[in-house]
Structures are given as C-alpha cells and as structure tokens.
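Q: The structure that follows is given in the form of structure tokens.
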Amino acid sequence: MPLIDRLGGELPRGPVTVELDDIQATVLRYRPEPYYGTHIMLHVDEARAGREFVRRLTPHVESASEWWRAGRSWISVAISYAGLVALGVPEDSLQSFPEAFRAGMAARAGQLFDFGPNDPVHWDAPFGSGLIHVGVSVFSDSQQAWRQTMGMARRQYEGFPGVTVLTEQDFGAQPGDLNPLGYKDSIGQPAIEGSGVDPLPGQGPAVKAGEFILGYPGEAGVPLPMPRPDVLGRNGTFAGLRKYQSRVGTFNRFLREHAQTEQDRELLAAKLVGRWRSGAPLTLAPAQDDPELGADPQRNNDFTYAADPDGRQVPLGSHMRRMNPRDTKLEILTDVNVHRIIRRSTTYGAPYDPDATSAQDDETARGLYFIFLSAKAMATLEFLQQEWINNGNFMNLGEERDPNVGLQEDGATFTIPHEPVRRRIHGIETFNVLRGGEYFFMPSLSALRWLADL
C-alpha cells in the first residue's frame with residue numbers, strides 16, 4: 001500500500017521502530033489540506049468524573065498507526081499539569097514531570113521573554129489562569145467530517161457532570177489554507193527515525209525518535225527522562241500551545257512603507273519569512289514566486305544554505321532560517337537537531353486581508369494557534385525564545401529579533417544583505433501578539449487508559 005501524504009503524493013517507506021499503535025495520531029500525522037477543526041479547553045470539576053470523561057473519550061482517540069494516510073478526521077487529547085492534579089494522579093508521578101511543565105507557561109514568562117504586550121496579564125481568558133485541565137482538538141480534511149467528529153466529541157462532554165467547557169475555538173478553512181499574514185505554512189517538518197517514512201527531499205537525516213517521543217533514544221543516544229510510571233510516560237510527548245493575535249493592519253502598513261510596488265512588497269514579505277507566500281523557498285526561487293514549486297512537497301523543502309552563507313538570498317534573520325538554520329554557520333555553536341519541533345499550527349478567525357491597514361484591523365479576531373510537540377517542549381521553547389527568536393547573536397545579528405513572532409522593541413531593525421550595501425529596515429513592529437499559552441502532556445493511548453483507571 002503506498003504511503004500518502006497530505007497532498008496525495010507517495011512517501012518513501014521506511015522501517016517502523018516505534019510503537020505507532022500506542023502513540024496519538026497528532027504526533028506524526030500532518031495537518032490536512034484543506035483543514036477544519038476545533039480546539040476545546042475543559043476544566044475537571046471532580047476527579048472521578050474527570051477520569052470517567054477520559055475513559056469515554058479514549059476509544060475515539062486515533063493512534064499513529066498508518067499516520068501517513070490522508071483523508072482522515074481524528075481527535076487528540078492533551079492534559080496540563082493542573083489537569084493531572086485534578087484527575088488524581090499520585091504525587092510521586094506528579095513530581096516526576098519537568099519543573100517548567102509543573103509551573104505552567106504563564107509562570108515561565110520571564111524565561112520565555114513574554115514581556116510587554118505578550119505578558120500573561122494581557123492574555124485572553126482562560127489562558128494563564130490554571131483552569132485549563134484538558135485540551136481536546138479535532139482535525140479534519142472536510143467540513144462534513146469535522147461536523148461528524150465534533151458531534152461525537154461533544155457527546156462525550158456536553159451535559160457530563162464534573163467536566164466544564166471553558167472555551168471552544170474553530171480553526172482552518174482559510175482561502176488557500178494561508179495563515180493570517182497570507183503565507184502557506186507548516187511546510188518544513190522534521191523526519192523522525194523509525195516512524196515508517198524515510199526523509200523527504202530536503203528534510204536531512206531523520207532525527208532520533210526520542211527527541212519527540214518519550215521512551216526512545218534521542219540524539220545523545222539515550223532516552224530523555226520521562227514521567228513515572230513507565231506506562232504514563234512512554235510513547236507520550238509534551239505539547240506547547242501559544243495563541244497569537246495577528247496584527248494584519250500593522251503588517252500591511254509595514255510592507256507599504258518599505259516597498260513601493262506590489263512586486264517589491266511581495267519580495268519584502270518573502271525576505272521576512274524565507275519563503276514566498278505560496279511556500280516556494282527563496283533559495284530555489286530567489287527572483288519571483290513559483291506557486292507550483294510551493295505546492296510540491298517533493299521540492300519545496302529540498303535545499304540547503306551552502307551557496308548562501310551571507311544571506312543574500314535568504315536573510316540570516318528571516319523567520320525560517322532562525323527556526324531551522326540547517327547548514328548555516330552559527331556564531332554560537334549548537335546542534336540544530338536537538339532543537340527541532342513538530343508543528344501543528346492552526347489558523348483561526350477572519351482570513352488574511354491584503355487591504356487591511358488600520359489599527360482597527362489589528363484587533364479583528366484573526367490569528368494562529370502555534371502548536372509544537374517535543375519530548376522536551378518546555379526547554380526547547382525557552383531556548384528558541386531566548387536565543388533564536390528574541391536574540392540575534394547566534395547569527396551575528398546583535399539585538400535583531402525574529403520578524404514573524406519576535407517581540408520587537410522601539411526602533412527595531414531587520415537586515416537584508418545585499419551588494420554593494422546591505423539594506424537595514426528600521427521600525428519593524430510586532431506582527432503577532434501573544435494572547436494565551438499552555439503547556440500540555442500528550443499521553444499515549446495506554447497512558448490515557450491508565451489515567452482513566454486511577
């Protein structure tokens with residue numbers, strides 16, 4: 001049976017050395033295109049009722065077995081530290097979780113550089129309150145499948161005593177599946193060793209499974225510490241969720257202020273991210289957009305930066321190059337593979353509007369749920385926020401910050417290398433403002449059953 005990716009192409013078959021039938025599908029399955037779904041945040045009012053809810057829902061949580069097959073609708077379940085406490089997990093198990101996870105994302109604001117407009121005091125309720133215990137997400141490739149799966153999910157919690165719905169957020173269904181700033185996203189995912197699929201062109205060598213799934217050796221050759229007992233930790237992973245409000249008016253004004261023609265504005269937009277809006281990488285299409293290239297998963301990630309060490313095609317400070325430097329020579333040495341993350345980001349609210357330019361447009365409900373998975377998600381996110389997103393020293397860029405998700409200070413700059421003189425753009429602003437966040441543990445299917453039977 002051929003392996004089918006989210007765009008309908010065949011994927012190269014590889015060996016399976018992880019327990020796919022015990023891992024939640026979301027850990028490995030790519031987001032569909034087009035995609036529809038809902039994030040539901042719940043509070044457990046009473047431990048026994050909460051465990052019964054987990055018991056009811058678990059049979060509907062799909063495993064990663066045959067994760068490569070397209071045309072599916074599935075459910076994922078993630079639990080916060082406060083949720084584990086509310087479910088009655090024993091104290092010795094609770095203390096085996098990492099300190100940052102136990103503290104929660106809001107309490108780690110200092111380590112995450114969540115200051116100013118990104119400070120938790122400005123977050124949307126109920127984020128940062130400690131009330132979110134369970135996050136349930138539905139991913140679907142059609143509206144019909146989404147409605148059917150949501151109906152089934154609702155039957156597990158609506159009217160169920162002891163579990164309260166705090167918020168529901170529908171996502172997806174944007175024209176062209178573009179994100180709130182008008183880009184095709186979620187292209188460059190890491191290849192995972194032993195997942196059943198060999199790396200696609202441009203993914204590089206597969207990353208050890210233990211970097212993403214607990215219980216397997218990581219890049220250092222040994223498994224990462226995991227929660228106890230083994231049935232709780234093994235085949236699970238950690239997830240981080242960050243809700244961003246996209247300031248589309250500010251973004252469009254920035255492009256118009258610094259580029260005179262539509263063609264120049266699109267090139268500037270590509271320089272900020274490292275890809276054209278279609279997803280075509282600047283490395284392979286340096287002069288103009290190539291939508292056919294952007295839509296081809298066999299080609300749109302197949303490049304290195306070997307011929308562009310100074311960033312004249314893809315600026316060193318672009319979002320894509322910061323988040324995965326690949327073979328870029330770094331001023332501060334680090335192993336790129338140990339900082340890779342799996343991304344399952346979802347777009348919510350109004351679609352991107354190229355004509356939006358006002359402050360009122362900035363407040364339109366429109367943005368991104370940045371969802372990332374890793375066996376050490378908390379440490380990885382704090383590293384990325386401190387070193388690669390809100391700092392430029394690792395690329396010899398001084399105080400320059402990520403132009404996409406960085407928190408910009410007054411007078412911030414973005415450098416575009418050029419001959420004979422580089423171009424330094426002054427006055428770049430924060431285009432995505434943080435409106436909430438949470439750390440979650442995504443248990444295996446056997447761990448969900450263990451939690452239900454506590």
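Each chain in the structure tokens gets a letter, A, B, ..., in the order shown, and its residues are numbered from 1; ligands are numbered from 1 in order too.
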Skip Asp198 of chain A itself and residues of its chain fewer than 4 positions away, then list as a ChimeraX atom specification all residues within 7 Å of it, counting only C-alpha atoms.
A: /A:12-14
Q: Please save C-alpha atoms of the selected residues as a PDB file, in the first residue's frame.
A:
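The result, written out as again.pdb:
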ATOM      1  CA  PRO A  12       9.142   6.766   0.770  1.00  0.00           C
ATOM      2  CA  ARG A  13       8.559   3.790   3.062  1.00  0.00           C
ATOM      3  CA  GLY A  14      10.919   3.327   5.995  1.00  0.00           C
TER       4      GLY A  14
END
Q: Between A:Leu272, A:Ile192, A:Met442, A:Ala259, which is the closest to Pro217 of chain A once you count only C-alpha atoms?
A: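 Smallest distance to Pro217 of chain A is found for A:Ile192.
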Q: Hey, what does DSSP flag as helix (DSSP H, G or I) within segment 175-383 of chain A? Can you give it to me as a ChimeraX atom specification?
A: /A:175-177,209-211,230-233,248-258,262-273,291-294,319-323,336-339,359-362,377-383
Q: Kindly indicate which residue among A:Met226, A:Leu434, A:Ala307, A:Leu94 lies nearest to Gly128 of chain A, using only C-alpha atoms for the distances.
A: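 Of all the options, A:Leu434 lies closest to Gly128 of chain A.
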Q: Would you please work out which residue, of A:Thr334, A:Thr58, A:Ser140, A:Ser63, is nearest to Tyr35 of chain A when using only C-alpha atoms?
A: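 Looking at the shortest contact to Tyr35 of chain A, the residue is A:Ser140.
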Q: To one decimal place, how far is atom CA of Gln169 of chain A from atom CA of Tyr30 of chain A in Å?
A: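 Atom-to-atom, atom CA of Gln169 of chain A and atom CA of Tyr30 of chain A are spaced 19.9 Å apart.
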Q: Taking the chain letters and numbering used in this document, name the residues of segment 175-359 of chain A that DSSP puts in strand (DSSP E), as a list in words.
A: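 Going through segment 175-359 of chain A, the strand (DSSP E) residues come out as Ser195, Gly196, Val197, Thr237, Phe238, Ala239, Gly240, Leu241, Arg242, Lys243, Tyr244, Gln245, Ser246, Ile342, Arg343, Thr346, Thr347, Tyr348 and Gly349 of chain A.
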Q: Calculate how many Å separate atom CA of Pro225 of chain A from atom CA of Glu211 of chain A, rounding to one decimal.
A: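 Going from atom CA of Pro225 of chain A over to atom CA of Glu211 of chain A, I get 11.1 Å.
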Q: Leu255 of chain A: which residues within 10 Å, counting only C-alpha atoms, same-chain residues fewer than 6 positions away excluded, as a list of chain:residue names?
A: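 In the requested form, the answer reads A:Thr261, A:Glu262, A:Asp264, A:Arg265, A:Glu266, A:Leu267, A:Leu268, A:Ala269, A:Ile428.
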Q: Hey, what's within 12 Å of segment 357-364 of chain A if we count only C-alpha atoms and toss same-chain stuff fewer than 2 positions away? As a short mmCIF file (atom, residue, chain, number, x, y, z; two decimals) with N, CA and C atoms, in the first residue's frame, please?
A:
data_model
loop_
_atom_site.label_atom_id
_atom_site.label_comp_id
_atom_site.auth_asym_id
_atom_site.auth_seq_id
_atom_site.Cartn_x
_atom_site.Cartn_y
_atom_site.Cartn_z
N PRO A 180 -2.69 33.77 8.86
CA PRO A 180 -3.30 35.10 8.98
C PRO A 180 -2.53 36.22 8.29
N LEU A 181 -1.25 36.03 7.99
CA LEU A 181 -0.49 37.04 7.27
C LEU A 181 -0.34 36.70 5.78
N TYR A 244 -1.72 33.40 19.14
CA TYR A 244 -1.28 34.70 18.68
C TYR A 244 -2.41 35.45 17.98
N GLN A 245 -2.50 36.74 18.25
CA GLN A 245 -3.37 37.65 17.52
C GLN A 245 -2.50 38.32 16.44
N SER A 246 -2.89 38.17 15.18
CA SER A 246 -2.10 38.72 14.08
C SER A 246 -2.52 40.16 13.80
N ARG A 247 -1.55 41.06 13.78
CA ARG A 247 -1.79 42.48 13.54
C ARG A 247 -1.63 42.74 12.04
N VAL A 248 -2.66 42.40 11.30
CA VAL A 248 -2.59 42.44 9.85
C VAL A 248 -2.47 43.88 9.34
N GLY A 249 -3.15 44.82 9.98
CA GLY A 249 -3.03 46.21 9.58
C GLY A 249 -1.60 46.71 9.70
N THR A 250 -0.95 46.42 10.82
CA THR A 250 0.44 46.82 11.03
C THR A 250 1.36 46.15 10.01
N PHE A 251 1.12 44.88 9.73
CA PHE A 251 1.95 44.15 8.78
C PHE A 251 1.84 44.76 7.38
N ASN A 252 0.62 45.02 6.92
CA ASN A 252 0.43 45.58 5.59
C ASN A 252 1.01 46.99 5.49
N ARG A 253 0.85 47.80 6.54
CA ARG A 253 1.44 49.15 6.52
C ARG A 253 2.95 49.07 6.43
N PHE A 254 3.54 48.12 7.14
CA PHE A 254 4.99 47.96 7.10
C PHE A 254 5.46 47.67 5.67
N LEU A 255 4.77 46.74 4.99
CA LEU A 255 5.15 46.41 3.62
C LEU A 255 5.02 47.63 2.72
N ARG A 256 3.95 48.41 2.87
CA ARG A 256 3.73 49.57 2.00
C ARG A 256 4.71 50.69 2.27
N GLU A 257 5.12 50.83 3.53
CA GLU A 257 6.06 51.89 3.87
C GLU A 257 7.47 51.61 3.37
N TYR A 348 -7.06 30.71 12.92
CA TYR A 348 -8.43 30.96 13.36
C TYR A 348 -8.87 32.36 12.93
N GLY A 349 -10.17 32.57 12.92
CA GLY A 349 -10.74 33.88 12.68
C GLY A 349 -10.80 34.27 11.22
N ALA A 350 -10.87 35.60 10.98
CA ALA A 350 -11.01 36.13 9.63
C ALA A 350 -9.78 35.81 8.79
N PRO A 351 -9.94 35.59 7.49
CA PRO A 351 -8.79 35.32 6.63
C PRO A 351 -7.94 36.57 6.43
N TYR A 352 -6.75 36.37 5.89
CA TYR A 352 -5.85 37.48 5.59
C TYR A 352 -6.52 38.45 4.62
N ASP A 353 -6.40 39.74 4.91
CA ASP A 353 -6.96 40.80 4.07
C ASP A 353 -5.83 41.70 3.61
N PRO A 354 -5.45 41.64 2.33
CA PRO A 354 -4.33 42.46 1.84
C PRO A 354 -4.61 43.96 1.89
N ASP A 355 -5.89 44.35 2.03
CA ASP A 355 -6.24 45.77 2.06
C ASP A 355 -6.38 46.32 3.48
N ARG A 366 -8.34 37.29 14.58
CA ARG A 366 -7.64 36.63 13.49
C ARG A 366 -6.24 36.30 13.99
N GLY A 367 -5.85 35.05 13.84
CA GLY A 367 -4.52 34.71 14.33
C GLY A 367 -4.18 33.26 14.16
N THR A 430 5.96 44.49 16.02
CA THR A 430 5.48 43.15 16.40
C THR A 430 4.24 42.84 15.58
N PHE A 431 4.32 41.79 14.76
CA PHE A 431 3.22 41.46 13.87
C PHE A 431 2.26 40.43 14.48
N ASN A 432 2.74 39.65 15.44
CA ASN A 432 1.90 38.65 16.11
C ASN A 432 2.05 38.83 17.61
N VAL A 433 0.95 39.16 18.28
CA VAL A 433 0.95 39.42 19.72
C VAL A 433 0.39 38.21 20.45
N ARG A 435 -1.60 36.00 22.92
CA ARG A 435 -2.86 36.17 23.63
C ARG A 435 -3.20 34.97 24.53
#
Q: Using only C-alpha atoms, which of the listed residues (A:Ala191, A:Gln386, A:Arg48, A:Val89) sits closest to Ile342 of chain A?
A: A:Ala191
Q: With a distance cut-off of 10 Å and only C-alpha atoms, select the neighbouring residues of Ser73 of chain A, excluding the residue or stretch itself and same-chain residues fewer than 3 positions from it, and output the selection as JSON, numbers by chain.
A: {"A": [32, 35, 36, 37, 62, 70, 138, 139, 140, 141, 142, 144, 145, 146, 147, 148, 149, 150]}
Q: Quick one: residues within 9 Å of segment 280-286 of chain A, only C-alpha atoms counted, chain neighbours fewer than 5 positions away excluded, as JSON, numbers by chain?
A: {"A": [184, 267, 270, 271, 274, 275, 291, 292, 293, 294, 295, 296, 299, 300, 301, 302, 303, 304, 305, 307, 308, 313, 314]}
Q: Name all residues at most 8 Å from Gly437 of chain A (count only C-alpha atoms; drop same-chain ones fewer than 3 positions away) and give them as JSON, numbers by chain.
A: {"A": [105, 106, 127, 128, 240, 241, 242, 243, 434]}
Q: Taking into account only C-alpha atoms, which residue in the set A:Ala125, A:Leu373, A:Leu166, A:Met152 is nearest to Arg29 of chain A?
A: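 Smallest separation from Arg29 of chain A among the options: A:Leu373.
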Q: To one decimal place, how far is atom CA of Leu224 of chain A from atom CA of Ala82 of chain A in Å?
A: 22.7 Å
Q: Could you tell me which of A:Ile213, A:Val273, A:Leu232, A:Val421 comes closest to Ala377 of chain A if we count only C-alpha atoms?
A: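 Result for the nearest residue to Ala377 of chain A: A:Ile213.
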